[in-house]
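All remarks here apply to the structure that follows.
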Amino acid sequence: MRLRKKQKVFVEAAAQKGGSLDSLFWQRFRRNRLAMASVFVIAFFALVALLGYLITPDHTPHCNQQYLELASMKPFSHATFIYVDDGVEREHCGPLKTMLNGRPLEAEAIPVYAYRQEGDSVVAETYTGSTPNDGERLAFPVEKVKQIRQRTFILGTDTYGRDILSQVMIGSRVSLSVGFIAVAIALLIGILLGSLAAYYGRWVDSLIMWFLNVVWSIPTVLLVIAITFALGKGFWQVFIAVGLTMWVDVARVVRGQVMSIKEKEYIEAARALGYRTPRIIFRHILPNITGPVTVITASNFASAILLEAGLSFLGIGVQPPMPSWGSMVKENYGQILLDSAYQAFIPGLAIMLIVLAFMLLGNGIRDALDIKN
């Protein structure tokens, strides 16, 4: 009775504002500054992941263009490149293909200390020497030189001379993809099993809950590692492994919500009208539990990103040369004690930001849906 009174107050408050429950939800959600900030952070990472190679400084596949001469350069360091036509025909890539898979360099890029033009040749001093004046001098015909430009590495380079900013940007695509697909798998399995267990009850509920408790008793990380070893290392295997370990939370929440809703009057009326069970579950019960499911979905999204980063750090997740925030930390964590700690801190900071954003988003949705407020 007390809960119904609070629900009535919630509805009356929405009516007084001249809007529906949805409009009141958005008004309350927008007043949560942390939740709104998290939406902008998630939208920023999602836009970067979507555009991909179109906006990365290094647009080669997997951002794996290595310049060993430029290894471990500090952030905002500059380097001069001479682009020389090497006579190799390269496949033309349109905007869509470039956005998805990247495109190779149009010409061979050679980093140089300095260059000057002498007659019909461009003489450049390369990084092969131990000092700037001790490098090898190369001469390129002017007609072979396509471009000479200076490039700024905003976040510096790693130990292999790869652009860290480009790797972090493409790494966001892996993390968000794992989160999206893993959560989709978890929702599909969790909602199905949770709703069936709660609606039918009896032996169906006992059987599903027994299976759920068995999966629940296995540590999540160990279960993910076991599934990964069974499916093999790779990109899609990580999606499936993480998704198959996250449905338990969803199933528990859905079961509890469905058990409380299936006793409502409108569900009894639907049964009396002769509606079939699938219609009652999918059209009358599940739409009324979207709030709690949305909150746990945001939490599972953050957990999926952390699991993927952990697997990649252990070497059983996304495999090189595909960049991943976890694998970037693994490759550069040895630099933490040296003067190049930023190589490990930058991908770690990206993981922290995106996980924190999803947790704040879930908290904001929970507070906006809480009728006690």
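Quick note on naming: the chains in the structure tokens go A, B, ... in the order shown, residues restart at 1 in each chain, and ligands are numbered from 1 in order of appearance.
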Polymer residues at most 9 Å from region 167-183 of chain A, only C-alpha atoms, same-chain spacing of 5 or more positions, as a PyMOL selection string: chain A and resi 45-46+48-50+52-53+55-56+58+62-64+162+188+235-236+238-247+297-298+300-306+308-309+318+322-326+328+346-347+350-351
All helix (DSSP H, G or I) residues (DSSP, backbone) inside region 50-79 of chain A, as a PyMOL selection string: chain A and resi 50-54+61-63+68-70
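For region 283-293 of chain A, the residues within 8 Å (counting only C-alpha atoms, excluding itself and residues fewer than 2 positions away along the chain) are Val250, Val253, Val254, Gln257, Val258, Ile261, Lys262, Ile267, Arg279, Ile280, Ile281, Val295, Ile296, Thr297, Ile365, Arg366 and Leu369 of chain A.
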Output N, CA and C atoms for every residue in that selection, as a short mmCIF file (atom, residue, chain, number, x, y, z; two decimals), in the first residue's frame.
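In the end it all went to again.cif:
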```
data_model
loop_
_atom_site.label_atom_id
_atom_site.label_comp_id
_atom_site.auth_asym_id
_atom_site.auth_seq_id
_atom_site.Cartn_x
_atom_site.Cartn_y
_atom_site.Cartn_z
N VAL A 250 21.84 -10.70 -14.91
CA VAL A 250 20.62 -10.31 -15.62
C VAL A 250 19.49 -11.27 -15.29
N VAL A 253 18.04 -10.59 -11.74
CA VAL A 253 17.22 -9.38 -11.68
C VAL A 253 15.89 -9.59 -12.40
N VAL A 254 15.94 -10.17 -13.60
CA VAL A 254 14.71 -10.40 -14.36
C VAL A 254 13.79 -11.35 -13.61
N GLN A 257 12.00 -9.45 -10.79
CA GLN A 257 11.02 -8.49 -11.29
C GLN A 257 9.79 -9.19 -11.86
N VAL A 258 10.00 -10.25 -12.61
CA VAL A 258 8.87 -10.96 -13.21
C VAL A 258 8.01 -11.62 -12.15
N ILE A 261 5.70 -8.97 -10.89
CA ILE A 261 4.76 -8.41 -11.87
C ILE A 261 3.72 -9.43 -12.30
N LYS A 262 4.06 -10.71 -12.33
CA LYS A 262 3.12 -11.71 -12.86
C LYS A 262 1.88 -11.87 -12.00
N ILE A 267 -2.01 -8.78 -15.56
CA ILE A 267 -1.50 -10.06 -16.05
C ILE A 267 -2.58 -11.13 -15.89
N ARG A 279 3.18 -14.06 -25.57
CA ARG A 279 2.67 -12.69 -25.70
C ARG A 279 2.61 -12.00 -24.35
N ILE A 280 2.19 -12.71 -23.32
CA ILE A 280 2.13 -12.12 -21.99
C ILE A 280 3.51 -11.71 -21.50
N ILE A 281 4.50 -12.59 -21.74
CA ILE A 281 5.85 -12.30 -21.26
C ILE A 281 6.47 -11.13 -22.02
N VAL A 295 19.65 -0.49 -15.86
CA VAL A 295 20.68 -0.18 -14.87
C VAL A 295 21.75 -1.27 -14.85
N ILE A 296 21.33 -2.53 -14.81
CA ILE A 296 22.32 -3.61 -14.76
C ILE A 296 23.05 -3.76 -16.09
N THR A 297 22.42 -3.34 -17.19
CA THR A 297 23.10 -3.37 -18.48
C THR A 297 24.28 -2.41 -18.50
N ILE A 365 20.64 6.55 -14.06
CA ILE A 365 19.37 5.93 -14.47
C ILE A 365 18.64 5.38 -13.25
N ARG A 366 19.38 4.77 -12.34
CA ARG A 366 18.75 4.22 -11.13
C ARG A 366 18.11 5.33 -10.30
N LEU A 369 14.90 6.69 -11.90
CA LEU A 369 13.77 5.75 -11.85
C LEU A 369 13.29 5.46 -10.44
#
```
What's around Lys233 (chain A) at 10 Å? Count only C-alpha atoms, leave out sequence neighbours fewer than 2 positions away in its own chain, and write the answer as a CSV table (one decimal) with all heavy atoms, in the first residue's frame.
```
chain,number,residue,atom,x,y,z
A,227,ILE,N,36.6,-20.5,-21.0
A,227,ILE,CA,35.8,-20.4,-22.3
A,227,ILE,C,36.7,-20.0,-23.4
A,227,ILE,O,36.7,-20.4,-24.6
A,227,ILE,CB,34.6,-19.5,-22.1
A,227,ILE,CG1,33.6,-20.1,-21.1
A,227,ILE,CG2,33.9,-19.3,-23.5
A,227,ILE,CD1,32.4,-19.2,-20.8
A,228,THR,N,37.6,-19.0,-23.1
A,228,THR,CA,38.5,-18.5,-24.1
A,228,THR,C,39.5,-19.6,-24.6
A,228,THR,O,39.8,-19.7,-25.8
A,228,THR,CB,39.4,-17.3,-23.5
A,228,THR,OG1,38.5,-16.3,-23.1
A,228,THR,CG2,40.3,-16.7,-24.6
A,229,PHE,N,40.0,-20.4,-23.7
A,229,PHE,CA,40.9,-21.5,-24.1
A,229,PHE,C,40.1,-22.5,-24.9
A,229,PHE,O,40.6,-23.1,-25.9
A,229,PHE,CB,41.4,-22.2,-22.9
A,229,PHE,CG,42.6,-21.5,-22.3
A,229,PHE,CD1,42.7,-21.3,-20.9
A,229,PHE,CD2,43.6,-21.0,-23.1
A,229,PHE,CE1,43.8,-20.7,-20.4
A,229,PHE,CE2,44.7,-20.4,-22.6
A,229,PHE,CZ,44.8,-20.2,-21.2
A,230,ALA,N,38.8,-22.7,-24.6
A,230,ALA,CA,38.0,-23.7,-25.4
A,230,ALA,C,37.7,-23.2,-26.8
A,230,ALA,O,37.7,-23.9,-27.8
A,230,ALA,CB,36.7,-24.0,-24.6
A,231,LEU,N,37.4,-21.9,-26.9
A,231,LEU,CA,37.1,-21.3,-28.2
A,231,LEU,C,38.3,-20.8,-29.0
A,231,LEU,O,38.2,-20.7,-30.2
A,231,LEU,CB,36.1,-20.1,-28.0
A,231,LEU,CG,34.8,-20.4,-27.3
A,231,LEU,CD1,34.0,-19.1,-27.2
A,231,LEU,CD2,34.0,-21.4,-28.2
A,235,PHE,N,39.4,-12.2,-31.7
A,235,PHE,CA,38.5,-11.1,-31.5
A,235,PHE,C,37.1,-11.5,-31.2
A,235,PHE,O,36.6,-11.1,-30.1
A,235,PHE,CB,38.5,-10.3,-32.8
A,235,PHE,CG,37.8,-8.9,-32.8
A,235,PHE,CD1,38.3,-8.0,-31.9
A,235,PHE,CD2,36.7,-8.7,-33.5
A,235,PHE,CE1,37.7,-6.7,-31.8
A,235,PHE,CE2,36.1,-7.5,-33.5
A,235,PHE,CZ,36.6,-6.5,-32.6
A,236,TRP,N,36.5,-12.4,-32.0
A,236,TRP,CA,35.1,-12.8,-31.7
A,236,TRP,C,35.1,-13.7,-30.5
A,236,TRP,O,34.0,-13.8,-29.8
A,236,TRP,CB,34.6,-13.5,-33.0
A,236,TRP,CG,34.4,-12.5,-34.1
A,236,TRP,CD1,35.2,-12.4,-35.2
A,236,TRP,CD2,33.4,-11.5,-34.2
A,236,TRP,NE1,34.8,-11.4,-36.0
A,236,TRP,CE2,33.7,-10.8,-35.5
A,236,TRP,CE3,32.3,-11.1,-33.5
A,236,TRP,CZ2,32.9,-9.7,-35.9
A,236,TRP,CZ3,31.5,-10.0,-33.9
A,236,TRP,CH2,31.8,-9.4,-35.1
A,237,GLN,N,36.1,-14.5,-30.3
A,237,GLN,CA,36.1,-15.4,-29.1
A,237,GLN,C,35.9,-14.7,-27.8
A,237,GLN,O,35.3,-15.1,-26.9
A,237,GLN,CB,37.3,-16.3,-29.1
A,237,GLN,CG,37.4,-17.3,-30.2
A,237,GLN,CD,37.9,-16.8,-31.5
A,237,GLN,OE1,37.9,-15.6,-31.8
A,237,GLN,NE2,38.4,-17.6,-32.4
A,238,VAL,N,36.6,-13.5,-27.7
A,238,VAL,CA,36.4,-12.7,-26.5
A,238,VAL,C,35.0,-12.2,-26.3
A,238,VAL,O,34.5,-12.2,-25.2
A,238,VAL,CB,37.4,-11.5,-26.6
A,238,VAL,CG1,37.2,-10.5,-25.4
A,238,VAL,CG2,38.8,-11.9,-26.6
A,311,LEU,N,41.8,-9.8,-20.1
A,311,LEU,CA,42.2,-10.9,-21.0
A,311,LEU,C,43.3,-10.5,-21.9
A,311,LEU,O,44.2,-11.2,-22.2
A,311,LEU,CB,41.0,-11.4,-21.7
A,311,LEU,CG,39.9,-12.1,-20.9
A,311,LEU,CD1,38.7,-12.4,-21.8
A,311,LEU,CD2,40.4,-13.4,-20.3
A,312,SER,N,43.2,-9.3,-22.5
A,312,SER,CA,44.2,-8.8,-23.4
A,312,SER,C,45.6,-8.6,-22.7
A,312,SER,O,46.6,-8.9,-23.2
A,312,SER,CB,43.8,-7.5,-24.1
A,312,SER,OG,42.6,-7.7,-24.9
A,315,GLY,N,47.2,-11.8,-22.4
A,315,GLY,CA,47.7,-12.3,-23.7
A,315,GLY,C,46.7,-13.4,-24.3
A,315,GLY,O,47.0,-14.0,-25.2
A,316,ILE,N,45.5,-13.5,-23.7
A,316,ILE,CA,44.5,-14.5,-24.2
A,316,ILE,C,43.3,-13.8,-24.8
A,316,ILE,O,42.3,-14.4,-25.0
A,316,ILE,CB,44.1,-15.5,-23.1
A,316,ILE,CG1,43.5,-14.8,-21.9
A,316,ILE,CG2,45.3,-16.4,-22.8
A,316,ILE,CD1,43.1,-15.7,-20.8
A,317,GLY,N,43.4,-12.5,-24.9
A,317,GLY,CA,42.2,-11.7,-25.5
A,317,GLY,C,42.5,-11.4,-27.0
A,317,GLY,O,42.9,-12.2,-27.8
A,318,VAL,N,42.3,-10.1,-27.3
A,318,VAL,CA,42.6,-9.7,-28.7
A,318,VAL,C,44.0,-9.8,-29.0
A,318,VAL,O,44.9,-9.4,-28.2
A,318,VAL,CB,42.1,-8.2,-28.8
A,318,VAL,CG1,42.4,-7.7,-30.2
A,318,VAL,CG2,40.6,-8.1,-28.6
A,319,GLN,N,44.4,-10.4,-30.1
A,319,GLN,CA,45.7,-10.7,-30.4
A,319,GLN,C,46.4,-9.6,-31.3
A,319,GLN,O,45.7,-8.9,-32.1
A,319,GLN,CB,45.8,-12.0,-31.2
A,319,GLN,CG,45.3,-13.2,-30.3
A,319,GLN,CD,46.2,-13.4,-29.1
A,319,GLN,OE1,47.4,-13.6,-29.1
A,319,GLN,NE2,45.5,-13.3,-27.9
```
Option closest in space to Leu196 (chain A), from A:Thr277, A:Gln65, A:Thr80, A:Ser121 [counting only C-alpha atoms]: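 Residue with the minimum atom-to-atom distance to Leu196 (chain A): A:Thr277.
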DSSP-assigned strand (DSSP E) among region 130-166 of chain A, expressed as a ChimeraX atom specification: /A:137-141,145-153
Contacts of Glu108 (chain A) at 9 Å (only C-alpha atoms; same-chain gap of 6+ positions) as a count of residues only: 5
Within 12 Å of Ser72 (chain A), counting only C-alpha atoms, which residues qualify if same-chain residues fewer than 2 places away don't, as a short mmCIF file (atom, residue, chain, number, x, y, z; two decimals) with N, CA, C and O atoms, in the first residue's frame?
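Written out: result-v6.cif:
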```
data_model
loop_
_atom_site.label_atom_id
_atom_site.label_comp_id
_atom_site.auth_asym_id
_atom_site.auth_seq_id
_atom_site.Cartn_x
_atom_site.Cartn_y
_atom_site.Cartn_z
N GLN A 66 55.30 1.21 -37.84
CA GLN A 66 56.37 1.28 -36.85
C GLN A 66 57.56 2.06 -37.40
O GLN A 66 57.98 1.86 -38.53
N TYR A 67 58.07 2.95 -36.55
CA TYR A 67 59.30 3.69 -36.85
C TYR A 67 60.22 3.49 -35.64
O TYR A 67 60.14 4.23 -34.65
N LEU A 68 61.07 2.47 -35.72
CA LEU A 68 61.93 2.16 -34.58
C LEU A 68 62.87 3.30 -34.24
O LEU A 68 63.32 3.42 -33.10
N GLU A 69 63.16 4.13 -35.23
CA GLU A 69 64.03 5.28 -34.97
C GLU A 69 63.36 6.30 -34.05
O GLU A 69 64.03 7.10 -33.40
N LEU A 70 62.02 6.26 -34.00
CA LEU A 70 61.26 7.24 -33.21
C LEU A 70 60.67 6.61 -31.96
O LEU A 70 59.66 7.09 -31.44
N LYS A 74 58.49 11.56 -26.51
CA LYS A 74 57.63 12.19 -25.53
C LYS A 74 56.39 12.78 -26.22
O LYS A 74 56.39 13.02 -27.44
N PRO A 75 55.32 13.00 -25.45
CA PRO A 75 54.13 13.64 -26.04
C PRO A 75 54.46 15.01 -26.65
O PRO A 75 55.33 15.73 -26.16
N PHE A 76 53.78 15.31 -27.75
CA PHE A 76 53.95 16.55 -28.51
C PHE A 76 55.34 16.67 -29.14
O PHE A 76 55.81 17.78 -29.40
N SER A 77 55.98 15.53 -29.36
CA SER A 77 57.26 15.55 -30.08
C SER A 77 56.99 15.67 -31.58
O SER A 77 55.93 15.29 -32.08
N PHE A 153 53.45 13.98 -32.76
CA PHE A 153 52.90 12.85 -32.02
C PHE A 153 52.33 13.39 -30.70
O PHE A 153 53.08 13.60 -29.74
N LEU A 155 50.45 12.22 -28.27
CA LEU A 155 50.64 11.40 -27.07
C LEU A 155 51.96 10.64 -27.10
O LEU A 155 52.16 9.73 -26.29
N GLY A 156 52.83 10.98 -28.03
CA GLY A 156 54.12 10.31 -28.11
C GLY A 156 54.05 8.99 -28.86
O GLY A 156 53.04 8.66 -29.50
N THR A 157 55.13 8.23 -28.77
CA THR A 157 55.21 6.92 -29.43
C THR A 157 55.57 5.86 -28.39
O THR A 157 56.11 6.16 -27.33
N ASP A 158 55.28 4.59 -28.74
CA ASP A 158 55.61 3.50 -27.83
C ASP A 158 57.00 2.96 -28.15
O ASP A 158 57.76 3.54 -28.92
N THR A 159 57.32 1.82 -27.57
CA THR A 159 58.66 1.26 -27.73
C THR A 159 58.92 0.76 -29.14
O THR A 159 60.07 0.45 -29.48
N TYR A 160 57.89 0.64 -29.96
CA TYR A 160 58.05 0.22 -31.35
C TYR A 160 57.92 1.40 -32.32
O TYR A 160 57.90 1.19 -33.54
N GLY A 161 57.81 2.60 -31.79
CA GLY A 161 57.69 3.76 -32.64
C GLY A 161 56.30 3.96 -33.23
O GLY A 161 56.14 4.69 -34.21
N ARG A 162 55.27 3.34 -32.65
CA ARG A 162 53.90 3.51 -33.13
C ARG A 162 53.24 4.69 -32.43
O ARG A 162 53.53 4.98 -31.27
N ASP A 163 52.32 5.34 -33.12
CA ASP A 163 51.63 6.50 -32.57
C ASP A 163 50.65 6.04 -31.49
O ASP A 163 49.70 5.29 -31.77
N ILE A 164 50.83 6.50 -30.25
CA ILE A 164 49.99 6.07 -29.14
C ILE A 164 48.56 6.60 -29.30
O ILE A 164 47.59 5.88 -29.01
N ASN A 332 53.61 -2.01 -22.39
CA ASN A 332 54.36 -0.85 -21.92
C ASN A 332 54.42 -0.73 -20.40
O ASN A 332 54.92 0.28 -19.90
N GLN A 335 57.58 0.26 -18.63
CA GLN A 335 58.06 1.64 -18.69
C GLN A 335 57.62 2.47 -17.49
O GLN A 335 58.01 3.63 -17.37
N LEU A 338 60.36 3.76 -15.52
CA LEU A 338 61.30 4.57 -16.30
C LEU A 338 60.68 5.94 -16.56
O LEU A 338 59.68 6.31 -15.97
N ASP A 339 61.29 6.68 -17.45
CA ASP A 339 60.78 8.03 -17.72
C ASP A 339 59.73 8.04 -18.83
O ASP A 339 59.37 9.10 -19.33
N SER A 340 59.23 6.85 -19.21
CA SER A 340 58.20 6.77 -20.25
C SER A 340 56.94 6.10 -19.69
O SER A 340 56.29 5.31 -20.38
N ALA A 341 56.58 6.42 -18.45
CA ALA A 341 55.41 5.79 -17.82
C ALA A 341 54.11 6.14 -18.53
O ALA A 341 53.13 5.40 -18.41
N TYR A 342 54.09 7.25 -19.27
CA TYR A 342 52.87 7.65 -19.98
C TYR A 342 52.41 6.58 -20.97
O TYR A 342 51.22 6.51 -21.29
N GLN A 343 53.33 5.75 -21.46
CA GLN A 343 52.95 4.72 -22.43
C GLN A 343 51.97 3.72 -21.84
O GLN A 343 51.13 3.17 -22.56
N ALA A 344 52.04 3.45 -20.55
CA ALA A 344 51.10 2.56 -19.88
C ALA A 344 49.96 3.32 -19.23
O ALA A 344 48.84 2.81 -19.13
#
```
